[in-house]
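Containing TSV, C-alpha atoms: entry.tsv.
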```tsv
chain	number	residue	atom	x	y	z
G	37	MET	CA	184.66	84.64	145.23
G	38	ASP	CA	185.45	83.98	141.57
G	39	ARG	CA	188.01	86.35	140.19
G	40	THR	CA	187.01	88.33	137.17
G	41	HIS	CA	189.28	88.21	134.14
G	42	HIS	CA	189.63	89.99	130.85
G	43	LEU	CA	187.52	92.93	131.88
G	44	ARG	CA	187.22	95.99	129.70
G	45	VAL	CA	188.50	98.79	131.91
G	46	LEU	CA	188.37	102.55	131.53
G	47	ILE	CA	190.98	104.43	133.51
G	48	ALA	CA	190.88	108.16	134.20
G	49	ASN	CA	193.25	110.47	135.98
G	50	GLN	CA	194.25	114.09	135.59
G	51	ARG	CA	197.90	112.98	135.63
G	52	ALA	CA	199.16	111.16	132.54
G	53	ASP	CA	202.07	109.50	134.41
G	54	ARG	CA	199.64	107.89	136.86
G	55	LEU	CA	197.53	106.67	133.95
G	56	ASP	CA	200.55	104.85	132.50
G	57	LEU	CA	201.31	103.24	135.83
G	58	LEU	CA	197.70	102.19	136.39
G	59	ALA	CA	197.42	100.81	132.85
G	60	ARG	CA	200.37	98.50	133.58
G	61	VAL	CA	198.80	97.28	136.84
G	62	VAL	CA	195.47	96.63	135.14
G	63	GLY	CA	197.18	94.83	132.26
G	64	ASP	CA	199.15	92.66	134.70
G	65	LEU	CA	195.85	91.59	136.29
G	66	GLY	CA	194.75	90.24	132.91
G	67	HIS	CA	192.33	93.00	131.97
G	68	ASN	CA	192.18	95.23	128.94
G	69	VAL	CA	192.45	98.99	129.22
G	70	ILE	CA	190.02	100.10	126.54
G	71	ALA	CA	190.23	103.82	127.21
G	72	ARG	CA	192.36	106.20	129.24
G	73	GLU	CA	191.02	109.68	129.87
G	74	ILE	CA	192.24	112.92	131.34
G	75	ASP	CA	189.56	115.36	130.17
G	76	VAL	CA	186.31	115.73	132.07
G	77	SER	CA	184.61	116.97	128.91
G	78	GLU	CA	185.31	113.72	127.05
G	79	VAL	CA	185.07	111.00	129.65
G	80	GLY	CA	181.25	110.76	129.57
G	81	ALA	CA	181.12	110.28	125.80
G	82	VAL	CA	183.98	107.74	125.89
G	83	THR	CA	182.16	105.75	128.60
G	84	ALA	CA	178.92	105.78	126.61
G	85	ARG	CA	180.72	104.68	123.46
G	86	GLU	CA	183.03	102.02	124.91
G	87	ARG	CA	180.70	100.62	127.64
G	88	PRO	CA	183.54	99.44	129.92
G	89	ASP	CA	182.93	96.78	132.59
G	90	VAL	CA	184.47	99.01	135.24
G	91	ALA	CA	186.03	102.48	135.50
G	92	LEU	CA	188.98	103.34	137.73
G	93	VAL	CA	189.37	107.00	138.62
G	94	GLY	CA	192.56	108.20	140.30
G	95	LEU	CA	192.76	111.27	142.48
G	96	GLY	CA	195.21	113.51	140.63
G	97	GLU	CA	196.36	117.05	141.29
G	98	SER	CA	192.86	118.43	141.82
G	99	SER	CA	190.30	116.63	143.94
G	100	ASP	CA	187.50	118.48	142.14
G	101	HIS	CA	188.77	117.22	138.80
G	102	ALA	CA	188.55	113.62	140.02
G	103	LEU	CA	185.05	114.22	141.37
G	104	GLU	CA	183.96	115.65	138.02
G	105	LEU	CA	185.43	112.62	136.24
G	106	ILE	CA	183.36	110.39	138.52
G	107	THR	CA	180.21	112.42	137.90
G	108	GLU	CA	180.59	112.19	134.13
G	109	ILE	CA	181.24	108.44	134.16
G	110	VAL	CA	178.39	107.69	136.58
G	111	ARG	CA	175.88	109.82	134.63
G	112	GLY	CA	175.15	107.11	132.03
G	113	ALA	CA	175.17	104.30	134.65
G	114	PHE	CA	176.97	102.03	132.19
G	115	CYS	CA	179.54	100.76	134.68
G	116	PRO	CA	180.60	101.05	138.30
G	117	VAL	CA	183.40	103.45	139.30
G	118	ILE	CA	186.20	102.70	141.77
G	119	ALA	CA	188.21	105.60	143.15
G	120	LEU	CA	191.95	105.18	143.69
G	121	LEU	CA	193.57	107.29	146.42
G	122	GLU	CA	197.19	107.68	147.52
G	123	THR	CA	196.14	108.59	151.03
G	124	TYR	CA	192.81	108.35	152.80
G	125	ASP	CA	190.71	111.54	152.61
G	126	ALA	CA	187.38	111.17	154.42
G	127	ALA	CA	185.82	114.36	153.03
G	128	TRP	CA	186.72	113.48	149.47
G	129	VAL	CA	185.47	109.90	149.83
G	130	ASP	CA	182.18	111.30	151.13
G	131	HIS	CA	181.86	113.61	148.12
G	132	ALA	CA	182.76	110.78	145.77
G	133	ALA	CA	180.16	108.52	147.37
G	134	GLN	CA	177.52	111.20	146.87
G	135	ARG	CA	178.43	111.30	143.21
G	136	GLY	CA	177.94	107.56	142.86
G	137	VAL	CA	181.35	105.95	143.31
G	138	TYR	CA	181.01	102.27	144.27
G	139	ALA	CA	184.25	101.71	146.14
G	140	TYR	CA	187.61	103.25	146.88
G	141	ILE	CA	191.04	101.82	147.60
G	142	VAL	CA	194.12	103.47	149.06
G	143	ASP	CA	197.66	102.67	147.98
G	144	THR	CA	196.74	100.61	144.95
G	145	ARG	CA	198.35	97.19	145.13
G	146	PRO	CA	197.35	94.77	142.37
G	147	GLU	CA	195.71	92.18	144.63
G	148	GLU	CA	193.72	94.85	146.46
G	149	LEU	CA	192.63	96.35	143.18
G	150	GLN	CA	191.45	92.96	141.94
G	151	SER	CA	189.44	92.38	145.14
G	152	ALA	CA	187.87	95.81	144.89
G	153	ILE	CA	186.93	95.13	141.28
G	154	ASP	CA	185.39	91.73	142.14
G	155	ILE	CA	183.28	93.12	144.97
G	156	THR	CA	182.25	96.18	142.99
G	157	LEU	CA	181.16	94.15	139.99
G	158	ARG	CA	179.08	91.86	142.18
G	159	ARG	CA	177.39	94.85	143.88
G	160	PHE	CA	176.83	96.51	140.53
G	161	ALA	CA	175.23	93.35	139.13
G	162	GLU	CA	172.95	93.16	142.17
G	163	PHE	CA	172.04	96.82	141.78
G	164	GLN	CA	171.23	96.28	138.13
G	165	ALA	CA	169.12	93.22	138.95
G	166	ILE	CA	167.12	95.21	141.51
G	167	GLN	CA	166.78	98.12	139.13
G	168	GLY	CA	165.62	95.72	136.40
G	169	ALA	CA	163.04	94.22	138.75
G	170	PHE	CA	161.73	97.68	139.59
G	171	GLN	CA	161.56	98.59	135.92
G	172	ARG	CA	159.70	95.38	135.11
G	173	ARG	CA	157.28	96.01	137.97
G	174	ASN	CA	156.71	99.59	136.85
G	175	ALA	CA	156.18	98.46	133.26
G	176	GLU	CA	153.67	95.86	134.45
G	177	ALA	CA	151.82	98.45	136.54
G	178	LEU	CA	151.75	100.80	133.56
G	179	ARG	CA	150.38	98.04	131.31
G	180	GLU	CA	147.66	97.21	133.84
G	181	SER	CA	146.74	100.86	134.20
G	182	GLU	CA	146.53	101.29	130.42
G	183	LEU	CA	144.38	98.16	130.14
G	184	MET	CA	142.05	99.46	132.85
G	185	LEU	CA	141.82	102.82	131.12
G	186	SER	CA	141.08	101.15	127.80
G	187	ARG	CA	138.31	99.02	129.39
G	188	ARG	CA	136.76	102.08	131.02
G	189	ARG	CA	136.87	103.92	127.70
G	190	GLN	CA	135.15	100.99	125.95
G	191	VAL	CA	132.45	100.82	128.62
G	192	LEU	CA	131.89	104.56	128.33
G	193	GLU	CA	131.66	104.32	124.55
G	194	LEU	CA	129.13	101.50	124.80
G	195	TYR	CA	127.10	103.39	127.38
G	196	ASP	CA	127.18	106.52	125.24
G	197	GLY	CA	126.16	104.39	122.26
G	198	VAL	CA	123.07	103.12	124.06
G	199	VAL	CA	122.02	106.58	125.25
G	200	GLN	CA	122.77	108.12	121.88
G	201	GLU	CA	120.71	105.55	119.98
G	202	LEU	CA	117.82	105.80	122.45
G	203	ALA	CA	117.86	109.59	122.15
G	204	VAL	CA	117.84	109.30	118.36
G	205	ALA	CA	114.97	106.79	118.58
G	206	HIS	CA	113.03	109.15	120.81
G	207	LEU	CA	113.56	112.20	118.60
G	208	ALA	CA	112.73	110.22	115.47
G	209	LEU	CA	109.53	109.01	117.08
G	210	GLU	CA	108.62	112.56	118.08
G	211	LEU	CA	109.22	113.64	114.49
G	212	GLU	CA	107.07	110.77	113.24
G	213	ARG	CA	109.89	108.90	111.57
G	214	PRO	CA	109.19	105.34	112.66
G	215	ASP	CA	111.81	103.65	110.49
G	216	GLU	CA	114.64	105.80	111.87
G	217	SER	CA	113.31	105.27	115.37
G	218	ARG	CA	113.23	101.50	114.88
G	219	ASN	CA	116.78	101.40	113.50
G	220	ALA	CA	118.07	103.46	116.41
G	221	MET	CA	116.29	101.18	118.89
G	222	LEU	CA	117.96	98.17	117.28
G	223	GLY	CA	121.33	99.94	117.56
G	224	ALA	CA	120.68	100.66	121.23
G	225	LEU	CA	119.72	97.03	121.77
G	226	GLU	CA	122.95	95.86	120.14
G	227	ASN	CA	125.04	98.14	122.35
G	228	ALA	CA	123.11	97.06	125.42
G	229	ARG	CA	123.71	93.40	124.54
G	230	GLU	CA	127.43	94.14	124.24
G	231	ILE	CA	127.48	95.76	127.68
G	232	VAL	CA	125.63	92.85	129.26
G	233	GLY	CA	127.88	90.38	127.42
G	234	ARG	CA	130.99	92.05	128.81
G	235	SER	CA	129.60	92.11	132.31
G	236	LEU	CA	128.83	88.39	132.04
G	237	ASP	CA	132.32	87.70	130.73
G	238	GLU	CA	133.81	89.53	133.70
G	239	LEU	CA	131.62	87.60	136.14
G	240	GLN	CA	132.61	84.33	134.48
G	241	SER	CA	136.28	85.27	134.70
G	242	GLU	CA	135.69	85.73	138.45
G	243	GLY	CA	134.31	82.18	138.61
G	244	VAL	CA	130.57	82.92	138.54
G	245	SER	CA	128.78	80.60	136.10
G	246	ILE	CA	125.96	81.70	133.84
G	247	GLU	CA	123.80	78.85	135.20
G	248	GLN	CA	124.27	80.19	138.72
G	249	LEU	CA	123.37	83.72	137.59
G	250	VAL	CA	120.21	82.47	135.87
G	251	ARG	CA	119.21	80.50	139.00
G	252	ASP	CA	119.92	83.53	141.24
G	253	SER	CA	117.86	85.85	139.07
G	254	ALA	CA	114.86	83.49	138.77
G	255	PRO	CA	111.78	84.64	140.69
G	256	ASP	CA	110.84	82.59	143.77
J	292	MET	CA	107.64	133.58	124.07
J	293	SER	CA	107.50	136.38	121.50
J	294	ASN	CA	104.58	136.73	119.16
J	295	ASP	CA	104.75	136.22	115.39
J	296	ALA	CA	104.88	139.95	114.54
J	297	ASP	CA	107.92	140.42	116.75
J	298	ASN	CA	109.58	137.31	115.34
J	299	SER	CA	109.26	138.51	111.75
J	300	LEU	CA	111.42	141.52	112.60
J	301	LYS	CA	114.20	139.56	114.22
J	302	PRO	CA	116.89	137.59	112.38
J	303	ALA	CA	116.65	133.88	113.04
J	304	ILE	CA	118.81	132.51	115.82
J	305	GLY	CA	121.78	130.72	114.24
J	306	VAL	CA	122.47	127.29	115.75
J	307	LEU	CA	125.62	125.17	115.38
J	308	ILE	CA	125.04	121.46	116.05
J	309	CYS	CA	128.05	119.52	117.39
J	310	ASP	CA	127.51	115.78	117.75
J	311	ASP	CA	129.47	112.79	116.48
J	312	ASN	CA	126.31	110.81	115.73
J	313	GLU	CA	125.21	111.60	112.19
J	314	ALA	CA	121.60	110.53	112.77
J	315	MET	CA	121.41	112.75	115.85
J	316	ARG	CA	122.75	115.73	113.89
J	317	ALA	CA	120.23	115.15	111.12
J	318	LEU	CA	117.32	114.89	113.56
J	319	LEU	CA	118.44	117.93	115.55
J	320	ARG	CA	118.54	119.88	112.31
J	321	VAL	CA	114.95	118.87	111.61
J	322	VAL	CA	113.95	119.72	115.20
J	323	VAL	CA	115.59	123.15	115.15
J	324	GLU	CA	114.17	124.07	111.77
J	325	LEU	CA	110.66	123.21	112.92
J	326	ARG	CA	110.68	126.63	114.51
J	327	PRO	CA	110.89	129.55	112.05
J	328	THR	CA	112.81	131.68	114.55
J	329	LEU	CA	115.71	129.25	114.48
J	330	ARG	CA	118.04	128.09	111.75
J	331	VAL	CA	120.93	125.66	111.65
J	332	VAL	CA	124.08	127.42	110.45
J	333	GLY	CA	126.42	124.46	110.62
J	334	GLU	CA	127.33	121.05	111.98
J	335	ALA	CA	130.44	119.53	113.57
J	336	ALA	CA	131.20	115.86	114.17
J	337	ASP	CA	134.06	116.13	116.69
J	338	GLY	CA	135.78	118.53	119.06
J	339	HIS	CA	138.20	119.93	116.50
J	340	ASP	CA	135.41	120.60	114.02
J	341	ALA	CA	133.37	122.21	116.78
J	342	ILE	CA	136.10	124.78	117.49
J	343	ARG	CA	136.69	125.43	113.81
J	344	GLU	CA	133.03	125.87	112.93
J	345	ALA	CA	132.26	127.95	116.02
J	346	THR	CA	135.15	130.28	115.12
J	347	ARG	CA	134.13	130.50	111.48
J	348	LEU	CA	130.37	130.80	111.87
J	349	GLN	CA	130.07	132.74	115.16
J	350	PRO	CA	126.65	131.16	115.84
J	351	ASP	CA	124.19	132.50	118.40
J	352	VAL	CA	123.82	129.10	120.04
J	353	ILE	CA	125.92	125.96	120.05
J	354	LEU	CA	124.37	122.59	120.85
J	355	LEU	CA	127.40	120.67	122.13
J	356	ASP	CA	127.64	116.93	122.73
J	357	LEU	CA	130.21	115.87	125.32
J	358	ALA	CA	131.33	112.41	124.21
J	359	MET	CA	132.88	113.23	120.87
J	360	PRO	CA	136.02	111.80	119.24
J	361	ARG	CA	139.39	113.55	118.99
J	362	ARG	CA	138.49	116.12	121.65
J	363	THR	CA	135.51	115.88	123.96
J	364	GLY	CA	132.96	118.60	124.46
J	365	LEU	CA	134.39	119.31	127.91
J	366	ASP	CA	137.88	119.66	126.42
J	367	VAL	CA	136.81	122.18	123.81
J	368	LEU	CA	134.29	124.19	125.81
J	369	PRO	CA	136.76	126.82	127.10
J	370	GLU	CA	138.31	127.25	123.66
J	371	ILE	CA	134.94	127.65	121.99
J	372	ARG	CA	134.03	130.30	124.59
J	373	GLU	CA	137.23	132.11	123.70
J	374	LYS	CA	136.85	131.82	119.93
J	375	ALA	CA	133.09	132.52	119.80
J	376	PRO	CA	132.51	134.69	122.88
J	377	ASP	CA	128.95	135.67	121.96
J	378	ALA	CA	127.74	132.14	121.37
J	379	LYS	CA	125.57	130.59	124.08
J	380	ILE	CA	126.61	127.01	124.65
J	381	ILE	CA	123.98	124.40	125.47
J	382	VAL	CA	125.49	121.06	126.34
J	383	PHE	CA	123.32	118.27	124.97
J	384	SER	CA	124.60	115.06	126.44
J	385	GLY	CA	123.71	111.51	127.34
J	386	PHE	CA	125.31	111.84	130.76
J	387	SER	CA	122.70	112.70	133.33
J	388	THR	CA	124.92	112.91	136.41
J	389	ALA	CA	124.90	116.27	138.13
J	390	SER	CA	128.68	116.38	138.47
J	391	VAL	CA	129.13	116.25	134.70
J	392	ALA	CA	126.54	118.97	134.25
J	393	GLU	CA	128.17	121.12	136.93
J	394	GLY	CA	131.55	120.59	135.30
J	395	ALA	CA	130.19	121.73	131.93
J	396	ILE	CA	128.55	124.79	133.47
J	397	ASP	CA	131.75	125.65	135.36
J	398	LEU	CA	133.54	125.59	132.00
J	399	GLY	CA	131.10	128.08	130.50
J	400	ALA	CA	128.05	126.21	129.26
J	401	ILE	CA	124.83	128.15	129.85
J	402	ARG	CA	122.45	125.21	129.86
J	403	TYR	CA	122.79	121.43	130.21
J	404	LEU	CA	120.16	119.31	128.49
J	405	THR	CA	120.25	115.55	128.71
J	406	LYS	CA	119.56	113.56	125.59
J	407	GLY	CA	116.00	112.38	125.52
J	408	ALA	CA	114.66	115.93	125.76
J	409	ASP	CA	111.58	116.60	123.60
J	410	PRO	CA	111.92	118.72	120.45
J	411	GLU	CA	109.93	121.50	122.10
J	412	ALA	CA	112.21	121.50	125.13
J	413	ILE	CA	115.30	121.71	122.92
J	414	ASN	CA	113.95	124.65	120.92
J	415	ASP	CA	112.65	126.41	124.03
J	416	ALA	CA	116.09	126.12	125.60
J	417	ILE	CA	117.71	127.63	122.49
J	418	GLU	CA	115.35	130.59	122.48
J	419	GLU	CA	115.57	131.08	126.23
J	420	VAL	CA	119.36	131.28	126.40
J	421	VAL	CA	119.35	133.93	123.69
J	422	ALA	CA	116.48	135.87	125.31
J	423	GLU	CA	118.20	135.76	128.70
J	424	ALA	CA	121.32	137.30	127.20
J	425	THR	CA	119.45	140.04	125.32
J	426	PRO	CA	119.41	143.48	127.05
J	427	GLY	CA	115.90	144.35	128.12
J	428	ALA	CA	114.81	140.75	128.20
J	429	LEU	CA	112.92	139.44	131.17
J	430	MET	CA	115.19	138.34	133.96
J	431	GLY	CA	115.85	134.70	133.29
J	432	THR	CA	117.66	131.89	135.00
J	433	SER	CA	121.33	131.58	134.30
J	434	ALA	CA	123.11	128.25	134.04
J	435	ARG	CA	120.69	125.35	134.34
J	436	PHE	CA	120.74	121.60	134.30
J	437	GLU	CA	117.61	120.05	132.89
J	438	ARG	CA	116.81	116.38	132.74
J	439	PRO	CA	114.23	115.31	130.17
J	440	SER	CA	110.71	115.06	131.48
J	441	THR	CA	109.54	111.49	131.83
```

As structure tokens:
Amino acid sequence: MDRTHHLRVLIANQRADRLDLLARVVGDLGHNVIAREIDVSEVGAVTARERPDVALVGLGESSDHALELITEIVRGAFCPVIALLETYDAAWVDHAAQRGVYAYIVDTRPEELQSAIDITLRRFAEFQAIQGAFQRRNAEALRESELMLSRRRQVLELYDGVVQELAVAHLALELERPDESRNAMLGALENAREIVGRSLDELQSEGVSIEQLVRDSAPD
Amino acid sequence: MSNDADNSLKPAIGVLICDDNEAMRALLRVVVELRPTLRVVGEAADGHDAIREATRLQPDVILLDLAMPRRTGLDVLPEIREKAPDAKIIVFSGFSTASVAEGAIDLGAIRYLTKGADPEAINDAIEEVVAEATPGALMGTSARFERPST
């Protein structure tokens, strides 16, 4: 696996001394610490603003505090989160996983941290690719549905146009207004032509030729 | 139908015409005003106008098209019923399917006439829906769906 270099890394831990230590480790791996956070209330905004490549969250004095840090970072889905633990804690790891953490490592040694980052970034990229594919598919389905709706609306308008003009023609005739009746009939004819034209276009798009239609409709 | 002496004592039935087709509105006005017992009090060309004019004019009868721009007749029917509770709504539409008619009647229309109805049939329907709602009137049919005679 290719090692990732010069990543923009956000580190977060309730304990400032651990943040200093982690910043040195990350720097030694060739990455840039772009933000270091302690406060839960700020970490979400910092993540949204800085858009780090990866976030490393250490388990400090309070396990809940670390979980809240993870929640805030994951909320915007800008980057994957790796949890750093001093000792393995199955219950905490389970909670962290539920909140969206991608990976965890215990007893952070630089080479292990780098491996965790590499794997996490690959998984995150795959996740984003899948998510992008879903979004594209949904967008396509939405476009098709809107197109269908628009076609139906046009057909309905044309149908209504024919009926409307025929009704006007009929009323005008009843009221002995032949010119109005004639104009309405012509309008109805125009709308009817449009409907037939569209139906023919659709048939042609399905591979049915006009010549074939004319032959099929000819009396025996 | 009432006789002429009775008619002269009654105020004319006020009709609001709601249809997006200008020619249809103009012809319906002529049709309605053929009968001295009826008069057109206003016109509306879309759903929004229909609500506004029904609220403002409080007509006796509303001739309501369904396929209108902005808001359809079906969309505005409940609101018109609320804003002009005494108005009898006759849907006058090009759609002749029973499900559309039933939908309109469920929403509060009293009568459903399909376009193509004769002038006499339109005016009879207007007078009938008012007569049916008048205390002391002969027992009449309630909501009805009428296709034009062919």

Just want the 7 Å neighbourhood of Met359 of chain J, counted on all atoms listed in the file, with same-chain residues fewer than 6 positions away dropped. Output as a ChimeraX atom specification. /J:310-311,337-338

Chain G residues within 6 Å of chain J, counting only C-alpha atoms: which ones, as a PyMOL selection string? chain G and resi 199+203-204

For the selection you just gave me, I'd like the residues written to a file as a PDB file, in the coordinates of the input, keeping C-alpha atoms.
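As written to disk, part_9.pdb reads:
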```
ATOM      1  CA  VAL G 199     122.020 106.580 125.250  1.00  0.00           C
ATOM      2  CA  ALA G 203     117.860 109.590 122.150  1.00  0.00           C
ATOM      3  CA  VAL G 204     117.840 109.300 118.360  1.00  0.00           C
TER       4      VAL G 204
END
```

Could you list, as a list in words, every residue within 7 Å of segment 300-305 of chain J, counting only C-alpha atoms and ignoring same-chain residues fewer than 5 positions away?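 Counting only the stated atoms, we get Thr328, Leu329, Arg330, Val331, Val332, Pro350, Asp351 and Val352 of chain J.
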
List as a ChimeraX atom specification the protein and nucleic acid residues near Arg111 of chain G, meaning an atom at most 8 Å away when all atoms listed in the file are counted, but skip any in the same chain fewer than 3 places from it. /G:80,107-108

Could those selected residues go to a file with C-alpha atoms, as a PDB file, keeping the file's coordinate frame?
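Below is the file that was written, out.pdb:
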```
ATOM      1  CA  GLY G  80     181.250 110.760 129.570  1.00  0.00           C
ATOM      2  CA  THR G 107     180.210 112.420 137.900  1.00  0.00           C
ATOM      3  CA  GLU G 108     180.590 112.190 134.130  1.00  0.00           C
TER       4      GLU G 108
END
```

If you count all atoms listed in the file, which residues fall within 8 Å of Ile381 of chain J, apart from same-chain ones fewer than 2 positions away, as a JSON list (two decimals) with C-alpha atoms, keeping the file's coordinate frame?
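The file below, part.json, is the result:
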```
[["chain", "number", "residue", "atom", "x", "y", "z"],
["J", 352, "VAL", "CA", 123.82, 129.10, 120.04],
["J", 353, "ILE", "CA", 125.92, 125.96, 120.05],
["J", 354, "LEU", "CA", 124.37, 122.59, 120.85],
["J", 355, "LEU", "CA", 127.40, 120.67, 122.13],
["J", 379, "LYS", "CA", 125.57, 130.59, 124.08],
["J", 383, "PHE", "CA", 123.32, 118.27, 124.97],
["J", 400, "ALA", "CA", 128.05, 126.21, 129.26],
["J", 401, "ILE", "CA", 124.83, 128.15, 129.85],
["J", 402, "ARG", "CA", 122.45, 125.21, 129.86],
["J", 403, "TYR", "CA", 122.79, 121.43, 130.21],
["J", 404, "LEU", "CA", 120.16, 119.31, 128.49],
["J", 417, "ILE", "CA", 117.71, 127.63, 122.49]]
```

Given all atoms listed in the file as the counted atoms, nearest of G:Glu122, G:Glu230, G:Glu147, G:Glu238 to Gly66 of chain G: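 Among the listed residues, the smallest separation from Gly66 of chain G belongs to G:Glu147.
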
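Distances here use all atoms listed in the file; by that measure, the residue among J:Ala375, J:Leu348, J:Ala335, J:Leu368 closest to Asp397 of chain J is J:Leu368.
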
Excluding Lys374 of chain J and any residue of its chain fewer than 4 positions from it, enumerate the residues within 9 Å of it, using only C-alpha atoms, and give them as a PyMOL selection string. chain J and resi 342-343+345-347+349+369-370

Suppose you want the space between atom CA of Arg234 of chain G and atom CA of Leu185 of chain G; what is it in Å?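 Here the two named atoms are 15.4 Å from each other.
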
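Between atom CA of Gly223 of chain G and atom CA of Thr388 of chain J there is a distance of 23.2 Å.
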
Go ahead and compute the interatomic distance for atom CA of Val45 of chain G and atom CA of Val61 of chain G, in Å to one decimal.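 Atom CA of Val61 of chain G lies at a distance of 11.5 Å from atom CA of Val45 of chain G.
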
Of the candidates J:Glu393, J:Glu334, J:Arg361, J:Cys309, which one gets nearest to Ile380 of chain J if we count only C-alpha atoms?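 Counting only C-alpha atoms, the residue closest to Ile380 of chain J is J:Cys309.
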
Enclose the full set of atoms of segment 321-340 of chain J listed in the file within a box whose edges lie along x, y and z, apply 3 Å of padding to each of the six sides, and report centre and edge lengths in Å to one decimal as JSON.
```
{"center_x": 124.4, "center_y": 123.8, "center_z": 114.8, "size_x": 33.5, "size_y": 21.8, "size_z": 14.6}
```

Shortest interatomic distance to Arg187 of chain G - which of G:Ile70, G:Ile231, G:Leu58, G:Pro214, counting all atoms listed in the file: G:Ile231

Distance criterion (only C-alpha atoms): nearest to Asp377 of chain J out of J:Ile308, J:Ile413, J:Val323, J:Val420: J:Val420

Counting all atoms listed in the file, which residue out of G:Leu120, G:Asp237, G:Asp75, G:Ile106 sits closest to Pro146 of chain G?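 Among the listed residues, G:Leu120 lies closest to Pro146 of chain G.
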